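One file, model11.cif, is given below (mmCIF, C-alpha atoms and all ligand atoms).
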data_start
loop_
_atom_site.label_atom_id
_atom_site.label_comp_id
_atom_site.auth_asym_id
_atom_site.auth_seq_id
_atom_site.Cartn_x
_atom_site.Cartn_y
_atom_site.Cartn_z
CA MET A 1 0.00 0.00 0.00
CA SER A 2 1.27 3.41 -0.88
CA ALA A 3 0.78 6.58 1.19
CA GLN A 4 -1.44 9.48 0.27
CA ILE A 5 0.86 12.33 -0.68
CA LEU A 6 -0.06 15.54 1.12
CA ASP A 7 -0.09 18.42 -1.33
CA GLY A 8 1.43 21.25 0.70
CA LYS A 9 1.41 23.52 -2.30
CA ALA A 10 -2.35 23.22 -2.79
CA PHE A 11 -3.11 23.56 0.92
CA ALA A 12 -0.82 26.60 1.12
CA ALA A 13 -2.80 28.20 -1.71
CA THR A 14 -5.98 27.95 0.38
CA ILE A 15 -4.22 29.65 3.31
CA ARG A 16 -2.86 32.38 1.03
CA ALA A 17 -6.33 33.01 -0.35
CA LYS A 18 -7.59 33.63 3.21
CA VAL A 19 -4.61 35.92 3.81
CA ALA A 20 -5.33 37.91 0.64
CA ASP A 21 -8.96 38.23 1.70
CA HIS A 22 -7.98 39.64 5.12
CA VAL A 23 -5.46 41.97 3.52
CA SER A 24 -8.03 43.48 1.18
CA ARG A 25 -10.45 43.95 4.08
CA LEU A 26 -7.76 45.60 6.22
CA MET A 27 -6.96 47.96 3.36
CA ALA A 28 -10.59 48.75 2.55
CA ASP A 29 -11.88 49.17 6.11
CA HIS A 30 -8.82 50.49 7.95
CA ASP A 31 -6.39 51.68 5.30
CA ILE A 32 -3.77 49.27 6.67
CA GLN A 33 -1.45 47.36 4.33
CA PRO A 34 0.39 44.64 6.28
CA GLY A 35 4.14 44.86 5.70
CA LEU A 36 6.81 42.19 6.07
CA ALA A 37 10.56 42.81 6.29
CA VAL A 38 13.00 39.96 5.70
CA VAL A 39 16.67 40.24 6.62
CA LEU A 40 19.28 37.85 5.25
CA VAL A 41 22.89 38.06 6.44
CA GLY A 42 25.39 36.20 4.29
CA GLU A 43 24.46 33.06 2.39
CA ASP A 44 22.73 29.80 3.30
CA PRO A 45 21.20 27.42 0.74
CA ALA A 46 17.92 26.74 2.62
CA SER A 47 17.53 30.46 3.33
CA GLU A 48 17.96 31.39 -0.30
CA VAL A 49 15.15 29.06 -1.37
CA TYR A 50 13.01 30.71 1.29
CA VAL A 51 13.82 34.29 0.25
CA ARG A 52 13.19 33.56 -3.40
CA ASN A 53 9.70 32.20 -2.81
CA LYS A 54 8.71 34.63 -0.10
CA GLY A 55 8.84 38.02 -1.80
CA ILE A 56 6.61 36.82 -4.64
CA ALA A 57 3.98 35.32 -2.31
CA THR A 58 3.92 38.42 -0.11
CA ARG A 59 3.21 40.78 -3.00
CA GLU A 60 0.65 38.38 -4.51
CA CYS A 61 -1.35 38.63 -1.28
CA GLY A 62 -1.37 42.42 -1.52
CA MET A 63 1.09 42.98 1.30
CA LYS A 64 4.17 45.17 1.36
CA SER A 65 7.41 43.19 1.09
CA VAL A 66 10.86 44.54 1.95
CA GLU A 67 14.08 42.56 1.64
CA HIS A 68 17.43 43.45 3.21
CA LYS A 69 20.34 41.34 1.99
CA LEU A 70 23.42 42.13 4.07
CA PRO A 71 26.99 40.92 3.49
CA ALA A 72 28.28 38.09 5.71
CA GLU A 73 30.69 40.47 7.45
CA THR A 74 27.90 42.79 8.69
CA SER A 75 28.57 43.88 12.30
CA ALA A 76 26.10 43.28 15.12
CA GLU A 77 25.78 47.07 15.58
CA ASP A 78 24.76 47.59 11.94
CA LEU A 79 22.27 44.71 12.09
CA TYR A 80 20.76 46.03 15.34
CA ALA A 81 20.44 49.51 13.82
CA LEU A 82 18.46 48.00 10.95
CA ILE A 83 16.23 46.01 13.34
CA ASP A 84 15.64 49.15 15.44
CA SER A 85 14.54 51.07 12.37
CA LEU A 86 12.17 48.25 11.33
CA ASN A 87 10.77 48.10 14.90
CA ALA A 88 10.01 51.82 14.65
CA ASP A 89 8.58 51.72 11.10
CA PRO A 90 4.75 51.81 11.24
CA SER A 91 4.48 50.32 7.72
CA ILE A 92 6.23 47.12 8.91
CA HIS A 93 4.25 44.56 10.97
CA GLY A 94 6.45 41.51 10.62
CA ILE A 95 10.24 41.20 10.91
CA LEU A 96 12.09 38.00 10.08
CA VAL A 97 15.85 37.59 10.32
CA GLN A 98 16.82 34.42 8.54
CA PHE A 99 18.85 31.82 10.38
CA PRO A 100 21.52 30.58 10.51
CA VAL A 101 23.52 33.81 10.68
CA PRO A 102 27.33 33.96 10.42
CA ASP A 103 29.21 32.85 13.56
CA HIS A 104 30.21 36.33 14.77
CA LEU A 105 26.51 37.16 15.30
CA SER A 106 24.30 35.82 18.10
CA GLU A 107 20.87 34.48 17.11
CA ARG A 108 19.67 34.94 20.67
CA ASP A 109 20.66 38.60 20.79
CA ILE A 110 19.16 39.26 17.35
CA VAL A 111 15.83 37.76 18.38
CA ALA A 112 15.89 39.79 21.61
CA ARG A 113 16.26 42.97 19.56
CA ILE A 114 13.06 42.36 17.53
CA ASP A 115 9.84 43.87 18.91
CA PRO A 116 7.87 40.77 20.08
CA ALA A 117 4.74 42.24 18.47
CA LYS A 118 6.52 42.02 15.09
CA ASP A 119 8.22 38.66 15.75
CA VAL A 120 6.44 36.65 13.03
CA ASP A 121 8.85 33.73 13.55
CA GLY A 122 7.59 33.35 17.13
CA LEU A 123 11.18 33.10 18.36
CA SER A 124 11.21 35.74 21.08
CA VAL A 125 11.13 34.57 24.70
CA VAL A 126 7.81 36.41 25.02
CA ASN A 127 6.18 34.42 22.21
CA ALA A 128 7.81 31.13 23.23
CA GLY A 129 6.65 31.69 26.81
CA LEU A 130 3.10 32.60 25.79
CA LEU A 131 2.90 29.50 23.62
CA ALA A 132 4.31 27.25 26.35
CA SER A 133 1.86 28.61 28.93
CA GLY A 134 -1.13 28.18 26.64
CA GLN A 135 -1.74 31.87 25.96
CA GLN A 136 -2.31 33.75 22.72
CA ALA A 137 1.10 33.80 21.02
CA MET A 138 2.68 34.25 17.63
CA ALA A 139 3.51 30.65 16.71
CA SER A 140 6.49 29.88 14.51
CA CYS A 141 5.42 29.60 10.84
CA THR A 142 6.62 26.08 10.06
CA PRO A 143 5.01 24.37 13.08
CA LEU A 144 1.84 26.43 12.53
CA GLY A 145 1.67 25.22 8.92
CA CYS A 146 2.31 21.62 9.97
CA LEU A 147 -0.44 21.83 12.59
CA MET A 148 -2.94 23.23 10.08
CA LEU A 149 -2.07 20.45 7.63
CA LEU A 150 -2.33 17.74 10.31
CA ARG A 151 -5.73 18.99 11.45
CA ASP A 152 -6.92 19.17 7.86
CA THR A 153 -5.69 15.62 7.18
CA LEU A 154 -6.53 13.80 10.42
CA GLY A 155 -9.19 15.95 12.09
CA ASP A 156 -8.99 15.61 15.87
CA LEU A 157 -5.40 14.93 16.96
CA SER A 158 -6.13 14.10 20.59
CA GLY A 159 -4.47 10.99 21.97
CA LYS A 160 -2.20 10.50 18.99
CA ASP A 161 1.46 9.60 19.61
CA ALA A 162 3.56 12.31 17.98
CA VAL A 163 7.33 12.03 17.65
CA ILE A 164 9.22 15.15 16.64
CA ILE A 165 12.82 14.70 15.58
CA GLY A 166 14.70 17.93 16.31
CA ARG A 167 14.49 20.36 19.24
CA SER A 168 15.27 23.75 17.71
CA ASN A 169 13.53 26.89 18.97
CA LEU A 170 12.32 27.50 15.42
CA VAL A 171 10.75 24.13 14.62
CA GLY A 172 11.00 21.23 17.08
CA LYS A 173 10.05 22.96 20.33
CA PRO A 174 7.12 25.05 19.07
CA MET A 175 5.85 22.01 17.11
CA ALA A 176 5.82 20.07 20.38
CA GLN A 177 3.90 22.86 22.15
CA LEU A 178 1.27 23.06 19.41
CA LEU A 179 0.73 19.29 19.28
CA LEU A 180 0.58 19.13 23.07
CA ARG A 181 -2.10 21.82 23.01
CA ASP A 182 -4.05 19.60 20.60
CA SER A 183 -3.68 16.77 23.16
CA CYS A 184 -1.17 14.58 21.38
CA THR A 185 1.24 12.53 23.47
CA VAL A 186 4.45 14.23 22.43
CA THR A 187 8.00 12.90 22.30
CA ILE A 188 10.87 15.15 21.23
CA ALA A 189 13.89 13.25 19.88
CA HIS A 190 17.29 14.78 19.14
CA SER A 191 20.92 13.90 18.51
CA ARG A 192 21.33 12.23 21.93
CA THR A 193 18.18 10.11 21.69
CA LYS A 194 19.21 6.51 22.43
CA ASP A 195 17.13 4.45 20.08
CA LEU A 196 15.71 6.78 17.48
CA ALA A 197 14.40 3.97 15.25
CA GLU A 198 12.36 2.42 18.10
CA THR A 199 11.13 5.84 19.20
CA VAL A 200 9.93 6.75 15.72
CA ARG A 201 8.26 3.32 15.28
CA ARG A 202 5.78 4.20 18.06
CA ALA A 203 4.56 7.34 16.30
CA ASP A 204 1.17 7.95 14.72
CA ILE A 205 2.59 11.32 13.64
CA VAL A 206 6.28 11.84 12.75
CA VAL A 207 7.65 15.34 12.25
CA ALA A 208 11.25 15.28 10.99
CA ALA A 209 13.13 18.58 11.48
CA VAL A 210 16.79 17.68 11.55
CA GLY A 211 18.59 18.92 8.47
CA ARG A 212 20.08 15.54 7.48
CA PRO A 213 19.17 14.38 3.99
CA GLN A 214 16.97 11.26 3.91
CA MET A 215 18.00 10.11 7.39
CA VAL A 216 14.62 8.55 8.29
CA PRO A 217 14.15 5.28 6.37
CA GLY A 218 10.79 3.65 5.66
CA ASP A 219 11.41 0.83 8.12
CA TRP A 220 11.31 3.31 11.04
CA ILE A 221 7.75 4.27 10.12
CA LYS A 222 4.73 2.59 11.71
CA PRO A 223 2.36 1.39 8.96
CA GLY A 224 -0.29 4.02 8.32
CA ALA A 225 1.51 6.81 10.20
CA THR A 226 1.40 10.44 9.07
CA VAL A 227 4.87 11.70 8.10
CA ILE A 228 5.63 15.42 7.99
CA ASP A 229 9.03 16.16 6.48
CA VAL A 230 10.32 19.62 7.41
CA GLY A 231 13.91 19.14 6.20
CA ILE A 232 15.20 21.16 3.27
CA ASN A 233 18.51 19.72 2.08
CA ARG A 234 20.33 20.29 -1.16
CA ILE A 235 22.19 17.22 -2.45
CA PRO A 236 24.15 16.53 -5.62
CA ALA A 237 22.04 15.24 -8.51
CA PRO A 238 24.49 13.95 -11.11
CA GLU A 239 21.52 12.36 -12.97
CA LYS A 240 20.42 15.93 -13.84
CA GLY A 241 23.88 16.75 -15.21
CA GLU A 242 27.28 17.66 -13.88
CA GLY A 243 27.26 20.00 -10.87
CA LYS A 244 23.43 19.91 -10.60
CA THR A 245 21.63 19.60 -7.26
CA ARG A 246 18.14 18.78 -5.98
CA LEU A 247 16.15 19.31 -2.78
CA VAL A 248 15.38 16.39 -0.48
CA GLY A 249 13.86 16.17 2.99
CA ASP A 250 15.00 14.45 6.19
CA VAL A 251 12.88 11.42 5.29
CA ASP A 252 13.76 8.85 2.67
CA PHE A 253 10.62 9.53 0.67
CA ASP A 254 10.74 6.50 -1.63
CA SER A 255 10.87 3.91 1.16
CA ALA A 256 8.68 5.86 3.62
CA LYS A 257 5.83 6.34 1.18
CA GLU A 258 5.43 2.55 0.94
CA VAL A 259 4.65 2.34 4.67
CA ALA A 260 3.12 5.67 5.74
CA GLY A 261 -0.58 6.51 5.54
CA HIS A 262 0.14 10.12 4.59
CA ILE A 263 3.42 11.83 3.74
CA THR A 264 4.59 15.29 2.69
CA PRO A 265 6.99 15.51 -0.26
CA VAL A 266 10.04 17.80 -0.55
CA PRO A 267 9.69 20.11 -2.39
CA GLY A 268 5.95 20.82 -2.40
CA GLY A 269 5.20 19.91 1.21
CA VAL A 270 6.01 21.92 4.31
CA GLY A 271 7.99 24.69 2.54
CA PRO A 272 4.99 26.33 0.86
CA LEU A 273 3.04 26.07 4.15
CA THR A 274 5.79 27.94 5.97
CA ILE A 275 5.53 30.79 3.52
CA ALA A 276 1.73 30.88 3.71
CA CYS A 277 1.89 30.95 7.52
CA LEU A 278 4.49 33.70 7.48
CA LEU A 279 1.99 35.81 5.57
CA ALA A 280 -0.76 34.72 7.98
CA ASN A 281 1.37 35.75 10.97
CA THR A 282 2.08 39.13 9.38
CA VAL A 283 -1.65 39.78 8.97
CA THR A 284 -2.23 38.64 12.56
CA ALA A 285 0.52 41.00 13.76
CA ALA A 286 -0.97 43.89 11.79
CA CYS A 287 -4.37 43.25 13.41
CA ARG A 288 -2.99 42.97 16.94
CA ILE A 289 -0.73 46.03 16.60
CA ASN A 290 -3.73 48.07 15.49
CA GLY A 291 -6.07 46.68 18.16
CA LEU A 292 -8.29 44.91 15.63
CA ASP A 293 -9.95 41.48 15.89
CA GLU A 294 -7.86 38.37 15.18
CA PRO A 295 -8.17 37.16 11.59
CA GLU A 296 -10.25 33.99 11.55
CA GLY A 297 -8.69 30.72 10.39
CA LEU A 298 -5.13 32.07 10.31
CA THR A 299 -4.04 31.41 13.89
CA ALA A 300 -3.56 28.13 15.75
N1 LIG B 1 10.38 23.47 5.24
C1 LIG B 1 10.51 24.58 5.94
O1 LIG B 1 9.68 25.45 5.83
C2 LIG B 1 11.63 24.74 6.89
C3 LIG B 1 12.67 23.87 6.83
N2 LIG B 1 13.69 23.92 7.72
C4 LIG B 1 14.67 22.86 7.60
O2 LIG B 1 14.41 21.93 8.64
C5 LIG B 1 15.61 21.36 9.12
C6 LIG B 1 15.74 21.62 10.60
O3 LIG B 1 15.79 23.00 10.84
P1 LIG B 1 16.13 23.59 12.31
O4 LIG B 1 15.16 23.06 13.29
O5 LIG B 1 16.31 25.04 12.18
O6 LIG B 1 17.57 22.89 12.53
P2 LIG B 1 18.63 22.92 13.71
O7 LIG B 1 19.90 22.62 13.08
O8 LIG B 1 18.46 24.16 14.52
O9 LIG B 1 18.16 21.69 14.62
C7 LIG B 1 18.32 20.37 14.19
C8 LIG B 1 17.87 19.43 15.27
O10 LIG B 1 18.09 18.10 14.80
C9 LIG B 1 18.74 17.33 15.80
N3 LIG B 1 19.61 16.32 15.20
C10 LIG B 1 20.76 16.50 14.54
N4 LIG B 1 21.29 15.32 14.15
C11 LIG B 1 20.44 14.38 14.60
C12 LIG B 1 20.44 12.96 14.55
N5 LIG B 1 21.40 12.29 13.94
N6 LIG B 1 19.42 12.31 15.13
C13 LIG B 1 18.43 12.98 15.75
N7 LIG B 1 18.37 14.32 15.83
C14 LIG B 1 19.37 15.01 15.27
C15 LIG B 1 19.55 18.31 16.59
O11 LIG B 1 19.77 17.76 17.88
P3 LIG B 1 20.62 18.51 19.02
O12 LIG B 1 19.71 19.57 19.55
O13 LIG B 1 20.90 17.43 19.99
O14 LIG B 1 21.83 19.07 18.35
C16 LIG B 1 18.64 19.55 16.58
O15 LIG B 1 17.75 19.53 17.68
C17 LIG B 1 16.69 21.98 8.22
O16 LIG B 1 16.85 21.13 7.10
C18 LIG B 1 16.08 23.29 7.78
O17 LIG B 1 16.63 23.75 6.57
C19 LIG B 1 13.69 24.84 8.73
C20 LIG B 1 12.69 25.77 8.83
C21 LIG B 1 11.60 25.80 7.90
N1 LIG B 2 14.27 32.82 10.89
C1 LIG B 2 14.03 31.83 10.01
N2 LIG B 2 12.79 31.32 9.85
C2 LIG B 2 12.56 30.33 8.95
O1 LIG B 2 11.42 29.85 8.83
C3 LIG B 2 13.66 29.83 8.15
C4 LIG B 2 14.92 30.40 8.37
N3 LIG B 2 15.09 31.36 9.29
N4 LIG B 2 15.99 29.97 7.65
C5 LIG B 2 15.85 29.01 6.59
C6 LIG B 2 14.73 28.04 6.86
C7 LIG B 2 14.30 27.30 5.63
N5 LIG B 2 12.97 27.77 5.35
C8 LIG B 2 12.26 27.46 4.18
C9 LIG B 2 10.97 27.88 3.97
C10 LIG B 2 10.30 27.62 2.79
C11 LIG B 2 10.92 26.91 1.80
C12 LIG B 2 10.20 26.63 0.53
O2 LIG B 2 9.45 27.44 0.01
N6 LIG B 2 10.36 25.46 -0.05
C13 LIG B 2 9.72 25.12 -1.29
C14 LIG B 2 10.68 25.45 -2.38
C15 LIG B 2 11.04 24.53 -3.45
C16 LIG B 2 11.96 25.13 -4.50
O3 LIG B 2 11.97 26.36 -4.69
O4 LIG B 2 12.66 24.34 -5.12
C17 LIG B 2 9.29 23.67 -1.19
O5 LIG B 2 9.77 22.97 -0.26
O6 LIG B 2 8.45 23.25 -1.97
C18 LIG B 2 12.21 26.47 1.98
C19 LIG B 2 12.88 26.74 3.17
C20 LIG B 2 12.57 28.65 6.31
N7 LIG B 2 13.52 28.83 7.21
MG MG B 3 18.75 26.46 13.35
#
How would this structure read if it were set down as C-alpha cells?
Amino acid sequence: MSAQILDGKAFAATIRAKVADHVSRLMADHDIQPGLAVVLVGEDPASEVYVRNKGIATRECGMKSVEHKLPAETSAEDLYALIDSLNADPSIHGILVQFPVPDHLSERDIVARIDPAKDVDGLSVVNAGLLASGQQAMASCTPLGCLMLLRDTLGDLSGKDAVIIGRSNLVGKPMAQLLLRDSCTVTIAHSRTKDLAETVRRADIVVAAVGRPQMVPGDWIKPGATVIDVGINRIPAPEKGEGKTRLVGDVDFDSAKEVAGHITPVPGGVGPLTIACLLANTVTAACRINGLDEPEGLTA
C-alpha cells in the first residue's frame, strides 16, 4: 500500500487566499497594508530558497514586502540599527531575520532585539513563553503550517502519539507545544536520543526537522503513520547533469511512502506552508498592533 501524498502547495494556496482576503479587508476598512521585512545576512542554501519564494507570495497577497540582503561580514551594531529602524517603522508589521547567521553574530541577541509584536517567527522569549503557557502567542510559521495540515488531514489529533525529531527553537520545540495543546502525546527526539528507530516506530505522527538528507528510512515508520518532512537539504544530482543539485527532505521519501498513511513531499510539502503561515502571521501581527480582531482561520 502506498501513502497518500499531502499536497502542501495546494493547501498553502488555500491559506494564502484567506490571507489575501484579510489583507483586502484591512486595506478597505482600515487603510492598513500589512508589511513584512525579511533580513538575510550572508548566504545559506535553505535560506535562499526561502527568500526567493517569499517576496513573490507576499506581494501576490497584496502585502508590502521589503528585503534586506546584508553581506556576511555585517557587524552586530549595523544589524541592530536595521532592526531598530524596522521596529520603529509603522508600515512594517512583521520582521524575520533568517537563520543561521554567520558565527560572529548571536541568534539569541538578534531575536531579543526584535519587537515581540513584530516577531512573526515566534522566536522571542515572550512568544515562546506565551505558547508554552497556553496563551495567545505568535507561533512559529513552520510548526503552525504543519499543525494546520495535520488537522486538515486527520481531524482531531487528541491521543495521537507524535514524535518530533529535532528540538530547535524555530521548529521542534514550538511544534511540540502546538501538538501538546491539541492533546497529542508528544515525544521530542534529538541527537542524543538513544534508540531513534524504536522511538519513531511508536509514532502515529512523525515530524522530521533535523537537516540531514533522507535520514529517516521507511522501516522506522509505523504502517499508516502520518509523516511530515520539514527538512530542506540540497544534495548533488548527477543524474540531472554535472554539478546539478536537488532538494530532499530528512525522510527517505521513496521507502517511507510505501509504509506511511500520509506523507509530505520535498519540495511541495512543508515549505509552501511555511511561507503561507508567514503571511498569515504578518496579517495577525498587523491586526494585533492596530487593536483589531484576530483574523479567523489564520491562527492556531
Ligand atoms: N520546510 C521549511 O519550511 C523549513 C525547513 N527547515 C529545515 O528543517 C531542518 C531543521 O531545521 P532547524 O530546526 O532550524 O535545525 P537545527 O539545526 O536548529 O536543529 C536540528 C535538530 O536536529 C537534531 N539532530 C541532529 N542530528 C540528529 C540525529 N542524527 N538524530 C536525531 N536528531 C538530530 C539536533 O539535535 P541537538 O539539539 O541534539 O543538536 C537539533 O535539535 C533543516 O533542514 C532546515 O533547513 C527549517 C525551517 C523551515
Ligand atoms: N528565521 C528563520 N525562519 C525560517 O522559517 C527559516 C529560516 N530562518 N531559515 C531558513 C529556513 C528554511 N525555510 C524554508 C521555507 C520555505 C521553503 C520553501 O518554500 N520550499 C519550497 C521550495 C522549493 C523550490 O523552490 O525548489 C518547497 O519545499 O516546496 C524552503 C525553506 C525557512 N527557514
Ligand atoms: Mg537552526
Return as a PDB file with C-alpha atoms, in the coordinates of the input the residues of protein, DNA or RNA that approach ligand LIG 1 (chain B) to within 8 Å, with only C-alpha atoms and all ligand atoms taken into account.
ATOM      1  CA  ALA A  46      17.920  26.740   2.620  1.00  0.00           C
ATOM      2  CA  SER A  47      17.530  30.460   3.330  1.00  0.00           C
ATOM      3  CA  TYR A  50      13.010  30.710   1.290  1.00  0.00           C
ATOM      4  CA  PHE A  99      18.850  31.820  10.380  1.00  0.00           C
ATOM      5  CA  PRO A 100      21.520  30.580  10.510  1.00  0.00           C
ATOM      6  CA  CYS A 141       5.420  29.600  10.840  1.00  0.00           C
ATOM      7  CA  THR A 142       6.620  26.080  10.060  1.00  0.00           C
ATOM      8  CA  ILE A 165      12.820  14.700  15.580  1.00  0.00           C
ATOM      9  CA  GLY A 166      14.700  17.930  16.310  1.00  0.00           C
ATOM     10  CA  ARG A 167      14.490  20.360  19.240  1.00  0.00           C
ATOM     11  CA  SER A 168      15.270  23.750  17.710  1.00  0.00           C
ATOM     12  CA  ASN A 169      13.530  26.890  18.970  1.00  0.00           C
ATOM     13  CA  LEU A 170      12.320  27.500  15.420  1.00  0.00           C
ATOM     14  CA  VAL A 171      10.750  24.130  14.620  1.00  0.00           C
ATOM     15  CA  GLY A 172      11.000  21.230  17.080  1.00  0.00           C
ATOM     16  CA  ALA A 189      13.890  13.250  19.880  1.00  0.00           C
ATOM     17  CA  HIS A 190      17.290  14.780  19.140  1.00  0.00           C
ATOM     18  CA  SER A 191      20.920  13.900  18.510  1.00  0.00           C
ATOM     19  CA  ARG A 192      21.330  12.230  21.930  1.00  0.00           C
ATOM     20  CA  THR A 193      18.180  10.110  21.690  1.00  0.00           C
ATOM     21  CA  LEU A 196      15.710   6.780  17.480  1.00  0.00           C
ATOM     22  CA  ALA A 208      11.250  15.280  10.990  1.00  0.00           C
ATOM     23  CA  ALA A 209      13.130  18.580  11.480  1.00  0.00           C
ATOM     24  CA  VAL A 210      16.790  17.680  11.550  1.00  0.00           C
ATOM     25  CA  GLY A 211      18.590  18.920   8.470  1.00  0.00           C
ATOM     26  CA  ARG A 212      20.080  15.540   7.480  1.00  0.00           C
ATOM     27  CA  PRO A 213      19.170  14.380   3.990  1.00  0.00           C
ATOM     28  CA  MET A 215      18.000  10.110   7.390  1.00  0.00           C
ATOM     29  CA  ASP A 229       9.030  16.160   6.480  1.00  0.00           C
ATOM     30  CA  VAL A 230      10.320  19.620   7.410  1.00  0.00           C
ATOM     31  CA  GLY A 231      13.910  19.140   6.200  1.00  0.00           C
ATOM     32  CA  ILE A 232      15.200  21.160   3.270  1.00  0.00           C
ATOM     33  CA  ASN A 233      18.510  19.720   2.080  1.00  0.00           C
ATOM     34  CA  GLY A 249      13.860  16.170   2.990  1.00  0.00           C
ATOM     35  CA  ASP A 250      15.000  14.450   6.190  1.00  0.00           C
ATOM     36  CA  GLY A 269       5.200  19.910   1.210  1.00  0.00           C
ATOM     37  CA  VAL A 270       6.010  21.920   4.310  1.00  0.00           C
ATOM     38  CA  GLY A 271       7.990  24.690   2.540  1.00  0.00           C
ATOM     39  CA  PRO A 272       4.990  26.330   0.860  1.00  0.00           C
ATOM     40  CA  LEU A 273       3.040  26.070   4.150  1.00  0.00           C
ATOM     41  CA  THR A 274       5.790  27.940   5.970  1.00  0.00           C
ATOM     42  CA  ILE A 275       5.530  30.790   3.520  1.00  0.00           C
TER      43      ILE A 275
END
Which residues are near segment 256-265 of chain A? Cut-off 10 Å, all atoms listed in the file, ignore same chain within fewer than 5 positions. Put them as an mmCIF file with C-alpha atoms, keeping the file's coordinate frame.
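Resulting contents of part20.cif:
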data_model
loop_
_atom_site.group_PDB
_atom_site.id
_atom_site.type_symbol
_atom_site.label_atom_id
_atom_site.label_comp_id
_atom_site.auth_asym_id
_atom_site.auth_seq_id
_atom_site.Cartn_x
_atom_site.Cartn_y
_atom_site.Cartn_z
ATOM 1 C CA MET A 1 0.000 0.000 0.000
ATOM 2 C CA SER A 2 1.270 3.410 -0.880
ATOM 3 C CA ALA A 3 0.780 6.580 1.190
ATOM 4 C CA GLN A 4 -1.440 9.480 0.270
ATOM 5 C CA ILE A 5 0.860 12.330 -0.680
ATOM 6 C CA LEU A 6 -0.060 15.540 1.120
ATOM 7 C CA ASP A 7 -0.090 18.420 -1.330
ATOM 8 C CA GLY A 8 1.430 21.250 0.700
ATOM 9 C CA LYS A 9 1.410 23.520 -2.300
ATOM 10 C CA CYS A 146 2.310 21.620 9.970
ATOM 11 C CA LEU A 149 -2.070 20.450 7.630
ATOM 12 C CA LEU A 150 -2.330 17.740 10.310
ATOM 13 C CA THR A 153 -5.690 15.620 7.180
ATOM 14 C CA LEU A 154 -6.530 13.800 10.420
ATOM 15 C CA ASP A 204 1.170 7.950 14.720
ATOM 16 C CA ILE A 205 2.590 11.320 13.640
ATOM 17 C CA VAL A 206 6.280 11.840 12.750
ATOM 18 C CA GLN A 214 16.970 11.260 3.910
ATOM 19 C CA VAL A 216 14.620 8.550 8.290
ATOM 20 C CA PRO A 217 14.150 5.280 6.370
ATOM 21 C CA GLY A 218 10.790 3.650 5.660
ATOM 22 C CA ASP A 219 11.410 0.830 8.120
ATOM 23 C CA TRP A 220 11.310 3.310 11.040
ATOM 24 C CA ILE A 221 7.750 4.270 10.120
ATOM 25 C CA LYS A 222 4.730 2.590 11.710
ATOM 26 C CA PRO A 223 2.360 1.390 8.960
ATOM 27 C CA GLY A 224 -0.290 4.020 8.320
ATOM 28 C CA ALA A 225 1.510 6.810 10.200
ATOM 29 C CA THR A 226 1.400 10.440 9.070
ATOM 30 C CA VAL A 227 4.870 11.700 8.100
ATOM 31 C CA ILE A 228 5.630 15.420 7.990
ATOM 32 C CA ASP A 229 9.030 16.160 6.480
ATOM 33 C CA VAL A 230 10.320 19.620 7.410
ATOM 34 C CA VAL A 248 15.380 16.390 -0.480
ATOM 35 C CA GLY A 249 13.860 16.170 2.990
ATOM 36 C CA VAL A 251 12.880 11.420 5.290
ATOM 37 C CA VAL A 270 6.010 21.920 4.310
ATOM 38 C CA GLY A 271 7.990 24.690 2.540
#
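Closest approach to ligand LIG 2 (chain B) among A:Lys69, A:Lys244, A:Arg234, A:Lys118 is made by A:Arg234 (distances from only C-alpha atoms and all ligand atoms).
Across the structure, atom CA of Arg108 of chain A and atom CA of Ala137 of chain A are spaced 18.6 Å apart.
Using all atoms listed in the file, the nearest neighbour of ligand MG 3 (chain B) within the list A:Pro102, A:Gly94, A:Gly62, A:Gly291 is A:Pro102.
Closest approach to ligand LIG 2 (chain B) from the set A:Glu294, A:Asp119, A:Glu73, A:Glu60 is made by A:Asp119, with distances taken over only C-alpha atoms and all ligand atoms.
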Output segment 169-179 of chain A with N, CA and C atoms present, as a PDB file, in the frame of the given file.
ATOM      1  N   ASN A 169      14.525  25.896  18.548  1.00  0.00           N
ATOM      2  CA  ASN A 169      13.530  26.890  18.970  1.00  0.00           C
ATOM      3  C   ASN A 169      12.603  27.252  17.824  1.00  0.00           C
ATOM      4  N   LEU A 170      13.092  27.105  16.594  1.00  0.00           N
ATOM      5  CA  LEU A 170      12.320  27.500  15.420  1.00  0.00           C
ATOM      6  C   LEU A 170      11.286  26.452  15.019  1.00  0.00           C
ATOM      7  N   VAL A 171      11.655  25.172  15.121  1.00  0.00           N
ATOM      8  CA  VAL A 171      10.750  24.130  14.620  1.00  0.00           C
ATOM      9  C   VAL A 171      10.354  23.111  15.704  1.00  0.00           C
ATOM     10  N   GLY A 172      11.317  22.360  16.208  1.00  0.00           N
ATOM     11  CA  GLY A 172      11.000  21.230  17.080  1.00  0.00           C
ATOM     12  C   GLY A 172      10.200  21.620  18.318  1.00  0.00           C
ATOM     13  N   LYS A 173      10.718  22.607  19.070  1.00  0.00           N
ATOM     14  CA  LYS A 173      10.050  22.960  20.330  1.00  0.00           C
ATOM     15  C   LYS A 173       8.655  23.551  20.135  1.00  0.00           C
ATOM     16  N   PRO A 174       8.490  24.553  19.245  1.00  0.00           N
ATOM     17  CA  PRO A 174       7.120  25.050  19.070  1.00  0.00           C
ATOM     18  C   PRO A 174       6.172  24.001  18.465  1.00  0.00           C
ATOM     19  N   MET A 175       6.685  23.100  17.644  1.00  0.00           N
ATOM     20  CA  MET A 175       5.850  22.010  17.110  1.00  0.00           C
ATOM     21  C   MET A 175       5.319  21.167  18.267  1.00  0.00           C
ATOM     22  N   ALA A 176       6.214  20.865  19.213  1.00  0.00           N
ATOM     23  CA  ALA A 176       5.820  20.070  20.380  1.00  0.00           C
ATOM     24  C   ALA A 176       4.736  20.793  21.178  1.00  0.00           C
ATOM     25  N   GLN A 177       4.895  22.100  21.372  1.00  0.00           N
ATOM     26  CA  GLN A 177       3.900  22.860  22.150  1.00  0.00           C
ATOM     27  C   GLN A 177       2.545  22.836  21.459  1.00  0.00           C
ATOM     28  N   LEU A 178       2.545  23.028  20.139  1.00  0.00           N
ATOM     29  CA  LEU A 178       1.270  23.060  19.410  1.00  0.00           C
ATOM     30  C   LEU A 178       0.581  21.695  19.447  1.00  0.00           C
ATOM     31  N   LEU A 179       1.350  20.629  19.272  1.00  0.00           N
ATOM     32  CA  LEU A 179       0.730  19.290  19.280  1.00  0.00           C
ATOM     33  C   LEU A 179       0.250  18.921  20.681  1.00  0.00           C
TER      34      LEU A 179
END
